[in-house]
Amino acid sequence: MRIAIMGAMPEEIAPILKQLGEYKTTSYAGNTYYEATYKGAVLVIAYSKIGKVFSTLTATTLIEHFGVQKLLFSGVAGAISESLKVGDLLVATKLSQHDLDITAFGHPYGYVPEGAVYIEADKELITLSKQIALQMDKNIQEGIIATGDQFVANEERKNWIGATFGADALEMEGGSVAVVCDAFKVPFFILRAISDAADMDASFSFDVFLEASAKESAAFVMNMVDAIIEKNV
Ligand code: ADE
């Protein structure tokens, strides 16, 4: 089995590379890909750089060039829901693009013809994540993630995204990775640990909590990998 673990920033995959210790490094289309044999499976790990375009490129490369059969994303997000605090883990049930706007033509926000406002993450992987959370005695929440090419540090924008998409958290890659995986029929799982509240203090909070929150997310994703391999999901 070939499983991708993807992040957007070096900090998001560093804990995983540290745990693996040994891996093969390949440069491809402007990114570095790390391949490791792990418990009989092959893990392909990469960070894309920030945003929808770079994450689209990396997800496509992982699938089309490295032949991964599942994709797990690990990273951080800004909270919209009041119930999400810094360090909390959120599993995406479905994802949308909050900055996709052809409403001038009468379409809803996040929609283009032949696309969909929401892309659903793989249900089997979400079910597995609940089992793992129980085993780890870890509280995880499920919710909608809205993605856009914008670091949101503004209460008004955050509330608009929350109201328009019913979103619980926002970030800059999940929605585009979802589009790619959906198109290639590759099951995907997007996990985010909260680093900030997408408000006026967001950039400060992000800088302070990025590393710790990324570690939380990475540790959980590695338990997901173990379970996928053990249970042959
Ligand atoms: N990722 C983490 N925090 C974020 C924010 N406030 N806006 C966009 N992406 C984020």
# chains A, B, ... in the order shown; residues from 1 in each chain; ligands from 1
>>> residues_near_ligand(ligand="ligand 1", cutoff="6 Å", atoms="only C-alpha atoms and all ligand atoms", output="list in words")
Val76, Ala77, Gly78, Gln150, Phe151, Val152, Ala153, Leu170, Glu171, Met172, Ser195, Asp196, Ala198 and Ala202 of chain A
>>> select_by_dssp(residues="segment 93-137 of chain A", states="strand (DSSP E or B)", output="number ranges by chain")
A: 93-97, 119-120
>>> select_by_dssp(residues="segment 20-163 of chain A", states="helix (DSSP H, G or I)", output="PyMOL selection string")
chain A and resi 20+52-64+103-105+123-136+155-163
>>> closest_residue(among="A:Val177, A:Lys70, A:Phe220, A:Leu43", to="Asp137 of chain A", atoms="only C-alpha atoms")
A:Phe220
>>> residues_around(residues="Thr164 of chain A", least_positions_apart="2", cutoff="12 Å", atoms="only C-alpha atoms", output="PDB file with C-alpha atoms, in the first residue's frame")
ATOM      1  CA  ILE A  80     -14.473  29.637  13.361  1.00  0.00           C
ATOM      2  CA  SER A  96     -15.322  24.086   0.277  1.00  0.00           C
ATOM      3  CA  GLN A  97     -13.483  27.015  -1.325  1.00  0.00           C
ATOM      4  CA  HIS A  98     -14.564  30.240   0.373  1.00  0.00           C
ATOM      5  CA  ASP A  99     -12.840  32.511  -2.182  1.00  0.00           C
ATOM      6  CA  ASP A 101     -16.912  33.513  -6.435  1.00  0.00           C
ATOM      7  CA  PRO A 108     -23.724  30.221  -4.986  1.00  0.00           C
ATOM      8  CA  TYR A 109     -20.378  31.050  -3.358  1.00  0.00           C
ATOM      9  CA  GLY A 110     -17.871  28.211  -3.753  1.00  0.00           C
ATOM     10  CA  VAL A 117     -19.742  23.652  -3.287  1.00  0.00           C
ATOM     11  CA  ILE A 144     -16.755  21.651   7.742  1.00  0.00           C
ATOM     12  CA  ILE A 145     -13.540  23.301   6.573  1.00  0.00           C
ATOM     13  CA  ALA A 146     -13.499  26.311   4.260  1.00  0.00           C
ATOM     14  CA  ARG A 157     -14.448  37.813   7.153  1.00  0.00           C
ATOM     15  CA  LYS A 158     -14.286  34.808   9.464  1.00  0.00           C
ATOM     16  CA  ASN A 159     -17.954  35.223  10.448  1.00  0.00           C
ATOM     17  CA  TRP A 160     -18.954  35.580   6.800  1.00  0.00           C
ATOM     18  CA  ILE A 161     -17.164  32.332   5.932  1.00  0.00           C
ATOM     19  CA  GLY A 162     -18.797  30.623   8.903  1.00  0.00           C
ATOM     20  CA  GLY A 166     -21.455  26.544   7.761  1.00  0.00           C
ATOM     21  CA  ALA A 167     -17.706  26.186   8.285  1.00  0.00           C
ATOM     22  CA  ASP A 168     -16.134  25.330  11.635  1.00  0.00           C
TER      23      ASP A 168
END
>>> closest_residue(among="A:Gln69, A:Arg192, A:Gly21, A:Tyr28", to="Thr93 of chain A", atoms="only C-alpha atoms")
A:Arg192
>>> atom_distance(atom1="atom CA of Lys138 of chain A", atom2="atom CA of Ala197 of chain A")
21.0 Å
>>> residues_around(residues="segment 4-16 of chain A", least_positions_apart="6", cutoff="9 Å", atoms="only C-alpha atoms", output="ChimeraX atom specification")
/A:42-51,54-55,58-59,62-63,66,68-76,172-173,210-211,213-215,217-219,221-222,225
>>> closest_residue(among="A:Glu114, A:Glu124, A:Glu64, A:Glu35", to="Lys231 of chain A", atoms="only C-alpha atoms")
A:Glu124
>>> atom_distance(atom1="atom CA of Ala36 of chain A", atom2="atom CA of Tyr23 of chain A")
4.6 Å
>>> closest_residue(among="A:Leu84, A:Ala79, A:Val53, A:Leu128", to="Glu230 of chain A", atoms="only C-alpha atoms")
A:Leu128
>>> closest_residue(among="A:Ala169, A:Ala163, A:Ile102, A:Ala178", to="Ala121 of chain A", atoms="only C-alpha atoms")
A:Ala178
>>> atom_distance(atom1="atom CA of Val86 of chain A", atom2="atom CA of Leu191 of chain A")
14.1 Å
>>> closest_residue(among="A:Tyr38, A:Tyr111, A:Phe165, A:Tyr33", to="Arg2 of chain A", atoms="only C-alpha atoms")
A:Tyr38
